[in-house]
Amino acid sequence: MFAAICMFGGSLQMYLGEPDTTPRLDNIHRFMAGVYLACGFIALWAALTIRKQNTLIFLLSLGAFLGGCGRLISMNIVGIPEPSGLWIGYFASEIIVPAIAITAQLATNRKLRPS
């Protein structure tokens with residue numbers, strides 16, 4: 001899910017940029033879109049090789065959670081963009097899915113540990 005969101009969102013934001021702002025902010029926006037797109041490829045690779053991963057799952061979950069924290073800060077300072085349901089859904093998934101991924105990885109690690 002995160003791979004698809006990052007790859008779609010990164011590609012779209014790379015294409016659209018932030019035209020209603022300064023060249024400096026558009027430049028930063030498109031740079032971060034490239035980072036976002038790259039994270040999508042990393043997340044896809046991690047998903048395809050999930051049985052070999054451990055720390056990477058925690059790091060990807062941290063990245064998604066921190067992205068959700070950034071959204072929360074933005075929503076508190078400047079408000080929720082329209083349509084609000086879409087943005088709240090993004091936020092909810094960025095908080096809930098990392099918790100599920102971390103819980104699943106911890107459970108997997110316990111199963112793999114010799115008793």
# chains A, B, ... in the order shown; residues from 1 in each chain; ligands from 1
>>> residues_around(residues="Gly40 (chain A)", least_positions_apart="3", cutoff="7 Å", atoms="only C-alpha atoms", output="compact mmCIF listing (two decimals) with N, CA and C atoms, in the first residue's frame")
# COMPACT_ATOMS: atom_id res chain seq x y z
N PHE A 2 1.89 1.26 0.89
CA PHE A 2 2.77 2.43 0.92
C PHE A 2 3.54 2.59 -0.38
N ALA A 3 3.95 1.48 -0.96
CA ALA A 3 4.68 1.55 -2.23
C ALA A 3 3.83 2.23 -3.29
N ALA A 4 2.58 1.82 -3.41
CA ALA A 4 1.69 2.41 -4.41
C ALA A 4 1.45 3.89 -4.14
N CYS A 6 3.39 6.00 -2.48
CA CYS A 6 4.62 6.76 -2.73
C CYS A 6 4.93 6.88 -4.22
N MET A 7 4.75 5.79 -4.94
CA MET A 7 5.07 5.82 -6.37
C MET A 7 4.10 6.70 -7.14
N TYR A 36 10.24 10.94 -2.37
CA TYR A 36 9.00 10.20 -2.11
C TYR A 36 8.85 9.05 -3.11
N LEU A 37 9.10 9.32 -4.37
CA LEU A 37 9.03 8.29 -5.41
C LEU A 37 10.04 7.18 -5.12
N ALA A 43 9.96 0.64 -0.72
CA ALA A 43 8.85 -0.05 -0.05
C ALA A 43 8.39 -1.26 -0.88
N LEU A 44 8.34 -1.12 -2.19
CA LEU A 44 7.96 -2.23 -3.05
C LEU A 44 8.97 -3.37 -2.93
>>> residues_around(residues="region 9-19 of chain A", least_positions_apart="6", cutoff="7 Å", atoms="only C-alpha atoms", output="number ranges by chain")
A: 26, 29-30, 33-34, 36-37
>>> write_last_selection(atoms="C-alpha atoms", output="PDB file, in the first residue's frame")
ATOM      1  CA  ASP A  26       8.704  24.512  -6.327  1.00  0.00           C
ATOM      2  CA  HIS A  29       8.754  20.360  -3.659  1.00  0.00           C
ATOM      3  CA  ARG A  30       9.895  18.492  -6.777  1.00  0.00           C
ATOM      4  CA  ALA A  33       8.690  14.309  -4.739  1.00  0.00           C
ATOM      5  CA  GLY A  34      11.715  12.461  -6.123  1.00  0.00           C
ATOM      6  CA  TYR A  36       8.997  10.204  -2.110  1.00  0.00           C
ATOM      7  CA  LEU A  37       9.028   8.291  -5.405  1.00  0.00           C
TER       8      LEU A  37
END
>>> closest_residue(among="A:Glu94, A:Asn27, A:Arg113, A:Ile88", to="Leu60 (chain A)", atoms="only C-alpha atoms")
A:Glu94
>>> closest_residue(among="A:Phe65, A:Trp87, A:Phe58, A:Phe31", to="Ala104 (chain A)", atoms="only C-alpha atoms")
A:Phe58
>>> closest_residue(among="A:Ile42, A:Ile57, A:Gly63, A:Arg51", to="Ile95 (chain A)", atoms="only C-alpha atoms")
A:Gly63
